[in-house]
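Structure file data-v2.txt with compact mmCIF, N, CA and C atoms:
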```
# COMPACT_ATOMS: atom_id res chain seq x y z
N MET V 591 99.73 163.20 74.76
CA MET V 591 100.70 162.74 73.79
C MET V 591 101.76 163.84 73.60
N THR V 592 103.00 163.47 73.72
CA THR V 592 104.09 164.43 73.54
C THR V 592 104.47 164.51 72.07
N LYS V 593 104.48 165.71 71.56
CA LYS V 593 104.93 165.92 70.19
C LYS V 593 106.39 166.36 70.18
N VAL V 594 106.77 167.19 71.17
CA VAL V 594 108.13 167.72 71.25
C VAL V 594 108.64 167.55 72.68
N LEU V 595 109.83 166.98 72.81
CA LEU V 595 110.51 166.86 74.10
C LEU V 595 111.79 167.67 74.03
N ILE V 596 111.97 168.56 75.00
CA ILE V 596 113.17 169.39 75.08
C ILE V 596 113.94 168.96 76.32
N VAL V 597 115.21 168.56 76.12
CA VAL V 597 116.06 168.17 77.23
C VAL V 597 117.18 169.21 77.30
N GLU V 598 117.04 170.13 78.22
CA GLU V 598 117.96 171.28 78.30
C GLU V 598 118.06 171.75 79.75
N ASN V 599 119.28 171.91 80.24
CA ASN V 599 119.48 172.30 81.63
C ASN V 599 119.74 173.80 81.83
N ARG V 600 120.01 174.54 80.77
CA ARG V 600 120.20 176.00 80.91
C ARG V 600 118.85 176.68 80.80
N PRO V 601 118.39 177.35 81.86
CA PRO V 601 117.03 177.92 81.89
C PRO V 601 116.73 178.86 80.73
N GLU V 602 117.67 179.73 80.35
CA GLU V 602 117.38 180.69 79.29
C GLU V 602 117.24 180.01 77.93
N VAL V 603 118.01 178.99 77.68
CA VAL V 603 117.89 178.24 76.43
C VAL V 603 116.61 177.42 76.45
N ALA V 604 116.34 176.78 77.58
CA ALA V 604 115.14 175.96 77.72
C ALA V 604 113.88 176.79 77.48
N GLU V 605 113.82 177.99 78.05
CA GLU V 605 112.63 178.83 77.90
C GLU V 605 112.47 179.30 76.46
N CYS V 606 113.54 179.67 75.81
CA CYS V 606 113.49 180.07 74.40
C CYS V 606 112.96 178.92 73.55
N MET V 607 113.49 177.73 73.77
CA MET V 607 113.06 176.55 73.02
C MET V 607 111.59 176.24 73.30
N ARG V 608 111.20 176.29 74.56
CA ARG V 608 109.82 175.98 74.94
C ARG V 608 108.83 176.92 74.28
N LEU V 609 109.12 178.22 74.34
CA LEU V 609 108.22 179.20 73.74
C LEU V 609 108.09 179.02 72.23
N ALA V 610 109.22 178.82 71.57
CA ALA V 610 109.19 178.62 70.11
C ALA V 610 108.43 177.35 69.74
N CYS V 611 108.64 176.29 70.51
CA CYS V 611 107.95 175.03 70.22
C CYS V 611 106.45 175.14 70.50
N MET V 612 106.08 175.80 71.61
CA MET V 612 104.67 175.96 71.93
C MET V 612 103.95 176.74 70.85
N LYS V 613 104.58 177.80 70.37
CA LYS V 613 103.98 178.60 69.30
C LYS V 613 103.79 177.73 68.05
N SER V 614 104.78 176.92 67.75
CA SER V 614 104.73 176.08 66.56
C SER V 614 103.66 175.01 66.63
N VAL V 615 103.58 174.31 67.78
CA VAL V 615 102.60 173.22 67.87
C VAL V 615 101.18 173.76 67.86
N THR V 616 100.95 174.93 68.46
CA THR V 616 99.60 175.47 68.43
C THR V 616 99.23 175.91 67.01
N THR V 617 100.21 176.42 66.27
CA THR V 617 99.98 176.79 64.87
C THR V 617 99.59 175.56 64.04
N LEU V 618 100.17 174.41 64.40
CA LEU V 618 99.87 173.16 63.70
C LEU V 618 98.57 172.52 64.16
N GLY V 619 97.95 173.11 65.19
CA GLY V 619 96.68 172.59 65.66
C GLY V 619 96.77 171.65 66.85
N PHE V 620 97.95 171.52 67.44
CA PHE V 620 98.11 170.69 68.63
C PHE V 620 97.99 171.59 69.85
N ILE V 621 97.94 170.98 71.03
CA ILE V 621 97.83 171.77 72.25
C ILE V 621 99.20 171.97 72.89
N GLU V 622 99.30 173.05 73.67
CA GLU V 622 100.60 173.45 74.23
C GLU V 622 101.22 172.39 75.12
N ASN V 623 100.40 171.58 75.81
CA ASN V 623 101.00 170.61 76.72
C ASN V 623 101.64 169.44 75.98
N GLU V 624 101.62 169.49 74.67
CA GLU V 624 102.33 168.48 73.89
C GLU V 624 103.81 168.83 73.72
N VAL V 625 104.23 169.93 74.34
CA VAL V 625 105.63 170.31 74.43
C VAL V 625 106.06 170.06 75.87
N VAL V 626 107.03 169.16 76.06
CA VAL V 626 107.50 168.80 77.40
C VAL V 626 108.95 169.23 77.53
N LEU V 627 109.24 169.88 78.66
CA LEU V 627 110.60 170.36 78.95
C LEU V 627 111.12 169.65 80.19
N VAL V 628 112.30 169.04 80.06
CA VAL V 628 112.96 168.40 81.20
C VAL V 628 114.40 168.87 81.25
N LYS V 629 115.03 168.72 82.44
CA LYS V 629 116.36 169.29 82.65
C LYS V 629 117.50 168.27 82.66
N ASP V 630 117.17 166.97 82.64
CA ASP V 630 118.25 165.99 82.68
C ASP V 630 117.84 164.70 81.97
N ALA V 631 118.83 163.83 81.82
CA ALA V 631 118.62 162.59 81.06
C ALA V 631 117.62 161.65 81.73
N LEU V 632 117.67 161.56 83.06
CA LEU V 632 116.74 160.66 83.75
C LEU V 632 115.29 161.12 83.59
N ALA V 633 115.07 162.42 83.67
CA ALA V 633 113.72 162.95 83.44
C ALA V 633 113.30 162.74 81.99
N ALA V 634 114.26 162.81 81.08
CA ALA V 634 113.96 162.56 79.66
C ALA V 634 113.49 161.13 79.44
N ILE V 635 114.16 160.18 80.08
CA ILE V 635 113.76 158.78 79.96
C ILE V 635 112.35 158.58 80.51
N ASP V 636 112.06 159.21 81.64
CA ASP V 636 110.71 159.12 82.21
C ASP V 636 109.67 159.69 81.24
N ALA V 637 109.98 160.85 80.66
CA ALA V 637 109.05 161.49 79.72
C ALA V 637 108.83 160.61 78.49
N ILE V 638 109.89 160.01 77.99
CA ILE V 638 109.78 159.14 76.81
C ILE V 638 108.97 157.89 77.14
N ASN V 639 109.13 157.38 78.36
CA ASN V 639 108.34 156.21 78.77
C ASN V 639 106.86 156.54 78.86
N GLU V 640 106.54 157.80 79.14
CA GLU V 640 105.14 158.23 79.18
C GLU V 640 104.57 158.43 77.78
N ALA V 641 105.37 159.02 76.89
CA ALA V 641 104.91 159.28 75.52
C ALA V 641 106.11 159.51 74.62
N VAL V 642 106.17 158.77 73.53
CA VAL V 642 107.28 158.90 72.58
C VAL V 642 107.07 160.17 71.75
N PRO V 643 108.07 161.06 71.75
CA PRO V 643 107.93 162.32 71.00
C PRO V 643 108.19 162.14 69.50
N ASP V 644 107.64 163.06 68.72
CA ASP V 644 107.97 163.14 67.30
C ASP V 644 109.35 163.77 67.12
N LEU V 645 109.62 164.77 67.97
CA LEU V 645 110.84 165.57 67.86
C LEU V 645 111.46 165.73 69.23
N LEU V 646 112.77 165.51 69.30
CA LEU V 646 113.51 165.61 70.56
C LEU V 646 114.66 166.58 70.38
N PHE V 647 114.67 167.65 71.18
CA PHE V 647 115.80 168.58 71.24
C PHE V 647 116.64 168.14 72.43
N LEU V 648 117.91 167.80 72.20
CA LEU V 648 118.75 167.21 73.24
C LEU V 648 120.07 167.95 73.39
N ASN V 649 120.26 168.55 74.56
CA ASN V 649 121.56 169.12 74.92
C ASN V 649 122.48 167.94 75.22
N ILE V 650 123.56 167.83 74.49
CA ILE V 650 124.43 166.66 74.71
C ILE V 650 125.41 166.85 75.86
N PHE V 651 125.45 168.03 76.46
CA PHE V 651 126.34 168.28 77.60
C PHE V 651 125.55 168.49 78.87
N LEU V 652 124.75 167.51 79.23
CA LEU V 652 123.96 167.56 80.45
C LEU V 652 124.81 167.19 81.66
N VAL V 653 124.39 167.66 82.83
CA VAL V 653 125.03 167.28 84.09
C VAL V 653 124.50 165.90 84.48
N GLY V 654 125.33 165.09 85.09
CA GLY V 654 124.93 163.73 85.46
C GLY V 654 125.10 162.82 84.28
N VAL V 655 124.04 162.11 83.91
CA VAL V 655 124.08 161.27 82.71
C VAL V 655 124.14 162.22 81.52
N SER V 656 125.19 162.11 80.72
CA SER V 656 125.38 163.06 79.63
C SER V 656 124.39 162.81 78.50
N GLY V 657 124.19 163.84 77.71
CA GLY V 657 123.34 163.72 76.53
C GLY V 657 123.90 162.72 75.53
N VAL V 658 125.22 162.60 75.50
CA VAL V 658 125.85 161.62 74.60
C VAL V 658 125.45 160.21 75.02
N ASN V 659 125.52 159.93 76.33
CA ASN V 659 125.10 158.62 76.81
C ASN V 659 123.62 158.38 76.57
N LEU V 660 122.82 159.42 76.79
CA LEU V 660 121.38 159.30 76.53
C LEU V 660 121.13 159.04 75.05
N LEU V 661 121.82 159.75 74.18
CA LEU V 661 121.66 159.56 72.74
C LEU V 661 121.97 158.13 72.34
N THR V 662 123.02 157.57 72.90
CA THR V 662 123.40 156.18 72.61
C THR V 662 122.31 155.22 73.08
N GLU V 663 121.77 155.48 74.26
CA GLU V 663 120.71 154.63 74.79
C GLU V 663 119.43 154.75 73.95
N LEU V 664 119.11 155.95 73.54
CA LEU V 664 117.89 156.17 72.75
C LEU V 664 117.98 155.50 71.38
N ALA V 665 119.18 155.43 70.83
CA ALA V 665 119.37 154.82 69.52
C ALA V 665 119.01 153.34 69.53
N MET V 666 119.07 152.72 70.71
CA MET V 666 118.74 151.30 70.82
C MET V 666 117.27 151.05 71.12
N ASP V 667 116.51 152.12 71.35
CA ASP V 667 115.10 152.00 71.70
C ASP V 667 114.25 151.98 70.43
N GLU V 668 113.65 150.87 70.13
CA GLU V 668 112.84 150.70 68.91
C GLU V 668 111.69 151.69 68.83
N ARG V 669 111.16 152.10 69.98
CA ARG V 669 110.03 153.04 69.99
C ARG V 669 110.41 154.39 69.38
N LEU V 670 111.69 154.69 69.37
CA LEU V 670 112.15 156.02 68.92
C LEU V 670 112.66 156.03 67.48
N LYS V 671 112.43 154.98 66.74
CA LYS V 671 112.92 154.91 65.36
C LYS V 671 112.37 156.02 64.47
N LYS V 672 111.17 156.52 64.79
CA LYS V 672 110.58 157.59 63.98
C LYS V 672 110.76 158.96 64.62
N THR V 673 111.43 159.02 65.76
CA THR V 673 111.67 160.30 66.43
C THR V 673 112.88 160.99 65.81
N SER V 674 112.71 162.24 65.45
CA SER V 674 113.81 163.05 64.92
C SER V 674 114.49 163.75 66.10
N ILE V 675 115.82 163.72 66.11
CA ILE V 675 116.57 164.30 67.22
C ILE V 675 117.40 165.47 66.72
N VAL V 676 117.30 166.58 67.44
CA VAL V 676 118.11 167.76 67.17
C VAL V 676 119.05 167.92 68.36
N VAL V 677 120.35 167.87 68.09
CA VAL V 677 121.36 168.02 69.14
C VAL V 677 121.60 169.50 69.39
N LEU V 678 121.63 169.85 70.67
CA LEU V 678 121.94 171.22 71.09
C LEU V 678 123.32 171.21 71.73
N THR V 679 124.19 172.13 71.31
CA THR V 679 125.56 172.15 71.80
C THR V 679 126.12 173.56 71.76
N ASP V 680 127.20 173.77 72.49
CA ASP V 680 127.92 175.04 72.44
C ASP V 680 129.14 174.96 71.53
N PHE V 681 129.40 173.78 71.02
CA PHE V 681 130.61 173.55 70.23
C PHE V 681 130.24 173.12 68.81
N PRO V 682 131.09 173.44 67.85
CA PRO V 682 130.79 173.02 66.48
C PRO V 682 130.91 171.50 66.33
N ILE V 683 129.81 170.90 65.98
CA ILE V 683 129.75 169.45 65.75
C ILE V 683 129.02 169.25 64.44
N ASP V 684 129.53 168.36 63.64
CA ASP V 684 128.90 168.06 62.36
C ASP V 684 127.87 166.95 62.56
N VAL V 685 126.73 167.07 61.91
CA VAL V 685 125.68 166.06 62.02
C VAL V 685 126.11 164.75 61.36
N GLU V 686 127.07 164.83 60.45
CA GLU V 686 127.55 163.62 59.77
C GLU V 686 128.10 162.64 60.80
N GLY V 687 127.65 161.43 60.73
CA GLY V 687 128.05 160.40 61.68
C GLY V 687 127.06 160.25 62.83
N LEU V 688 126.22 161.26 63.02
CA LEU V 688 125.21 161.19 64.08
C LEU V 688 123.86 160.72 63.56
N GLU V 689 123.73 160.64 62.24
CA GLU V 689 122.45 160.22 61.65
C GLU V 689 122.02 158.85 62.13
N GLU V 690 122.98 157.97 62.37
CA GLU V 690 122.65 156.61 62.81
C GLU V 690 121.98 156.62 64.19
N TYR V 691 122.08 157.73 64.91
CA TYR V 691 121.44 157.88 66.21
C TYR V 691 120.10 158.61 66.10
N GLY V 692 119.67 158.91 64.89
CA GLY V 692 118.41 159.63 64.69
C GLY V 692 118.55 161.13 64.66
N VAL V 693 119.79 161.61 64.67
CA VAL V 693 120.04 163.06 64.68
C VAL V 693 119.83 163.62 63.27
N VAL V 694 118.98 164.64 63.18
CA VAL V 694 118.69 165.26 61.89
C VAL V 694 119.33 166.64 61.76
N LYS V 695 119.74 167.22 62.90
CA LYS V 695 120.31 168.56 62.87
C LYS V 695 121.08 168.81 64.16
N VAL V 696 122.09 169.68 64.06
CA VAL V 696 122.84 170.16 65.23
C VAL V 696 122.66 171.67 65.29
N LEU V 697 122.26 172.16 66.47
CA LEU V 697 122.09 173.60 66.67
C LEU V 697 123.05 174.10 67.74
N ASN V 698 123.65 175.25 67.49
CA ASN V 698 124.49 175.90 68.49
C ASN V 698 123.56 176.62 69.47
N ARG V 699 123.63 176.28 70.74
CA ARG V 699 122.73 176.86 71.75
C ARG V 699 122.87 178.38 71.85
N GLU V 700 124.04 178.90 71.54
CA GLU V 700 124.26 180.34 71.63
C GLU V 700 123.64 181.10 70.47
N LYS V 701 123.30 180.40 69.40
CA LYS V 701 122.83 181.06 68.18
C LYS V 701 121.46 180.57 67.71
N ILE V 702 120.71 179.94 68.60
CA ILE V 702 119.40 179.41 68.21
C ILE V 702 118.43 180.55 67.92
N LEU V 703 117.80 180.46 66.78
CA LEU V 703 116.77 181.43 66.41
C LEU V 703 115.40 180.76 66.56
N PRO V 704 114.43 181.45 67.17
CA PRO V 704 113.09 180.86 67.27
C PRO V 704 112.53 180.43 65.91
N SER V 705 112.84 181.18 64.87
CA SER V 705 112.34 180.82 63.53
C SER V 705 112.90 179.48 63.07
N GLU V 706 114.13 179.17 63.44
CA GLU V 706 114.73 177.88 63.07
C GLU V 706 114.04 176.74 63.83
N VAL V 707 113.75 176.97 65.10
CA VAL V 707 113.03 175.97 65.90
C VAL V 707 111.65 175.73 65.30
N THR V 708 110.98 176.81 64.93
CA THR V 708 109.65 176.71 64.32
C THR V 708 109.69 175.86 63.06
N LYS V 709 110.68 176.09 62.21
CA LYS V 709 110.81 175.30 60.97
C LYS V 709 111.00 173.82 61.27
N LEU V 710 111.81 173.51 62.28
CA LEU V 710 112.05 172.11 62.63
C LEU V 710 110.79 171.45 63.16
N VAL V 711 110.06 172.16 64.00
CA VAL V 711 108.81 171.60 64.53
C VAL V 711 107.83 171.34 63.39
N LYS V 712 107.68 172.30 62.51
CA LYS V 712 106.75 172.12 61.40
C LYS V 712 107.16 170.98 60.47
N ARG V 713 108.47 170.77 60.37
CA ARG V 713 108.97 169.71 59.48
C ARG V 713 108.81 168.31 60.08
N PHE V 714 109.02 168.19 61.41
CA PHE V 714 109.12 166.86 62.00
C PHE V 714 107.96 166.44 62.89
N VAL V 715 107.07 167.36 63.25
CA VAL V 715 105.95 166.98 64.11
C VAL V 715 104.76 166.62 63.22
N SER V 716 104.15 165.50 63.53
CA SER V 716 103.01 165.06 62.71
C SER V 716 101.83 164.68 63.59
N ASP V 717 100.71 164.50 62.98
CA ASP V 717 99.51 164.05 63.71
C ASP V 717 99.25 162.57 63.45
N GLU V 718 100.25 161.87 62.94
CA GLU V 718 100.09 160.46 62.61
C GLU V 718 100.30 159.54 63.80
N ARG V 719 100.76 160.08 64.92
CA ARG V 719 101.00 159.24 66.11
C ARG V 719 99.80 159.22 67.01
```

What do you get writing this file as structure tokens?
Amino acid sequence: MTKVLIVENRPEVAECMRLACMKSVTTLGFIENEVVLVKDALAAIDAINEAVPDLLFLNIFLVGVSGVNLLTELAMDERLKKTSIVVLTDFPIDVEGLEEYGVVKVLNREKILPSEVTKLVKRFVSDER
């Protein structure tokens, strides 16, 4: 069962996110393999089809199918109504207006702190699924 799905194509950002999420889920009593990391939108769709995550970190500037297109597609998927989405970007974007897509927070990829990721995981990951 996937608790956290990270969709990020920059290796250094992906690894930072993965490590922070793994630390957080193990602290919550889940196992490390409940954190899944993929590099593009198509792999994200495959991962979601395998297991719906509680929390999704999504880079909206992916190569190929963009994160924006993926976000739009995910908003129509009834299985994801309880999934919280955190948008990852290099540009200042306000979360206002994105809530209808399930977005709960926007993080600047250049300024992500592991402690912030930990707080988000603890807030949005549950054992109710």

Please extract the residues of segment 628-696 of chain V with a backbone DSSP assignment of helix (DSSP H, G or I) and present them as an mmCIF file with N, CA and C atoms, in the coordinates of the input.
```cif
data_model
loop_
_atom_site.group_PDB
_atom_site.id
_atom_site.type_symbol
_atom_site.label_atom_id
_atom_site.label_comp_id
_atom_site.auth_asym_id
_atom_site.auth_seq_id
_atom_site.Cartn_x
_atom_site.Cartn_y
_atom_site.Cartn_z
ATOM 1 N N ALA V 631 118.830 163.830 81.820
ATOM 2 C CA ALA V 631 118.620 162.590 81.060
ATOM 3 C C ALA V 631 117.620 161.650 81.730
ATOM 4 N N LEU V 632 117.670 161.560 83.060
ATOM 5 C CA LEU V 632 116.740 160.660 83.750
ATOM 6 C C LEU V 632 115.290 161.120 83.590
ATOM 7 N N ALA V 633 115.070 162.420 83.670
ATOM 8 C CA ALA V 633 113.720 162.950 83.440
ATOM 9 C C ALA V 633 113.300 162.740 81.990
ATOM 10 N N ALA V 634 114.260 162.810 81.080
ATOM 11 C CA ALA V 634 113.960 162.560 79.660
ATOM 12 C C ALA V 634 113.490 161.130 79.440
ATOM 13 N N ILE V 635 114.160 160.180 80.080
ATOM 14 C CA ILE V 635 113.760 158.780 79.960
ATOM 15 C C ILE V 635 112.350 158.580 80.510
ATOM 16 N N ASP V 636 112.060 159.210 81.640
ATOM 17 C CA ASP V 636 110.710 159.120 82.210
ATOM 18 C C ASP V 636 109.670 159.690 81.240
ATOM 19 N N ALA V 637 109.980 160.850 80.660
ATOM 20 C CA ALA V 637 109.050 161.490 79.720
ATOM 21 C C ALA V 637 108.830 160.610 78.490
ATOM 22 N N ILE V 638 109.890 160.010 77.990
ATOM 23 C CA ILE V 638 109.780 159.140 76.810
ATOM 24 C C ILE V 638 108.970 157.890 77.140
ATOM 25 N N ASN V 639 109.130 157.380 78.360
ATOM 26 C CA ASN V 639 108.340 156.210 78.770
ATOM 27 C C ASN V 639 106.860 156.540 78.860
ATOM 28 N N GLU V 640 106.540 157.800 79.140
ATOM 29 C CA GLU V 640 105.140 158.230 79.180
ATOM 30 C C GLU V 640 104.570 158.430 77.780
ATOM 31 N N GLY V 657 124.190 163.840 77.710
ATOM 32 C CA GLY V 657 123.340 163.720 76.530
ATOM 33 C C GLY V 657 123.900 162.720 75.530
ATOM 34 N N VAL V 658 125.220 162.600 75.500
ATOM 35 C CA VAL V 658 125.850 161.620 74.600
ATOM 36 C C VAL V 658 125.450 160.210 75.020
ATOM 37 N N ASN V 659 125.520 159.930 76.330
ATOM 38 C CA ASN V 659 125.100 158.620 76.810
ATOM 39 C C ASN V 659 123.620 158.380 76.570
ATOM 40 N N LEU V 660 122.820 159.420 76.790
ATOM 41 C CA LEU V 660 121.380 159.300 76.530
ATOM 42 C C LEU V 660 121.130 159.040 75.050
ATOM 43 N N LEU V 661 121.820 159.750 74.180
ATOM 44 C CA LEU V 661 121.660 159.560 72.740
ATOM 45 C C LEU V 661 121.970 158.130 72.340
ATOM 46 N N THR V 662 123.020 157.570 72.900
ATOM 47 C CA THR V 662 123.400 156.180 72.610
ATOM 48 C C THR V 662 122.310 155.220 73.080
ATOM 49 N N GLU V 663 121.770 155.480 74.260
ATOM 50 C CA GLU V 663 120.710 154.630 74.790
ATOM 51 C C GLU V 663 119.430 154.750 73.950
ATOM 52 N N LEU V 664 119.110 155.950 73.540
ATOM 53 C CA LEU V 664 117.890 156.170 72.750
ATOM 54 C C LEU V 664 117.980 155.500 71.380
ATOM 55 N N ALA V 665 119.180 155.430 70.830
ATOM 56 C CA ALA V 665 119.370 154.820 69.520
ATOM 57 C C ALA V 665 119.010 153.340 69.530
ATOM 58 N N GLU V 668 113.650 150.870 70.130
ATOM 59 C CA GLU V 668 112.840 150.700 68.910
ATOM 60 C C GLU V 668 111.690 151.690 68.830
ATOM 61 N N ARG V 669 111.160 152.100 69.980
ATOM 62 C CA ARG V 669 110.030 153.040 69.990
ATOM 63 C C ARG V 669 110.410 154.390 69.380
ATOM 64 N N LEU V 670 111.690 154.690 69.370
ATOM 65 C CA LEU V 670 112.150 156.020 68.920
ATOM 66 C C LEU V 670 112.660 156.030 67.480
ATOM 67 N N GLU V 689 123.730 160.640 62.240
ATOM 68 C CA GLU V 689 122.450 160.220 61.650
ATOM 69 C C GLU V 689 122.020 158.850 62.130
ATOM 70 N N GLU V 690 122.980 157.970 62.370
ATOM 71 C CA GLU V 690 122.650 156.610 62.810
ATOM 72 C C GLU V 690 121.980 156.620 64.190
ATOM 73 N N TYR V 691 122.080 157.730 64.910
ATOM 74 C CA TYR V 691 121.440 157.880 66.210
ATOM 75 C C TYR V 691 120.100 158.610 66.100
#
```

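The gap separating atom N of Asn649 of chain V from atom N of Pro704 of chain V is 16.0 Å, in Å to one decimal.
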
Just list the residues in segment 609-703 of chain V DSSP gives strand (DSSP E) on the backbone, as a list in words.
Val625, Val626, Leu627, Val628, Leu645, Leu646, Phe647, Leu648, Asn649, Ser674, Ile675, Val676, Val677, Leu678, Thr679, Val693, Val694, Lys695, Val696, Leu697 and Asn698 of chain V

Quick one: residues within 8 Å of Val685 of chain V, only C-alpha atoms counted, chain neighbours fewer than 6 positions away excluded, as a list in words?
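Contacts, with the query itself left out: Val693, Val694, Lys695 and Val696 of chain V.
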
For the residues in the current selection, export N, CA and C atoms as a short mmCIF file (atom, residue, chain, number, x, y, z; two decimals), in the frame of the given file.
```
data_model
loop_
_atom_site.label_atom_id
_atom_site.label_comp_id
_atom_site.auth_asym_id
_atom_site.auth_seq_id
_atom_site.Cartn_x
_atom_site.Cartn_y
_atom_site.Cartn_z
N VAL V 693 119.79 161.61 64.67
CA VAL V 693 120.04 163.06 64.68
C VAL V 693 119.83 163.62 63.27
N VAL V 694 118.98 164.64 63.18
CA VAL V 694 118.69 165.26 61.89
C VAL V 694 119.33 166.64 61.76
N LYS V 695 119.74 167.22 62.90
CA LYS V 695 120.31 168.56 62.87
C LYS V 695 121.08 168.81 64.16
N VAL V 696 122.09 169.68 64.06
CA VAL V 696 122.84 170.16 65.23
C VAL V 696 122.66 171.67 65.29
#
```

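Between atom N of Ala641 of chain V and atom CA of Leu595 of chain V there is a distance of 9.8 Å.
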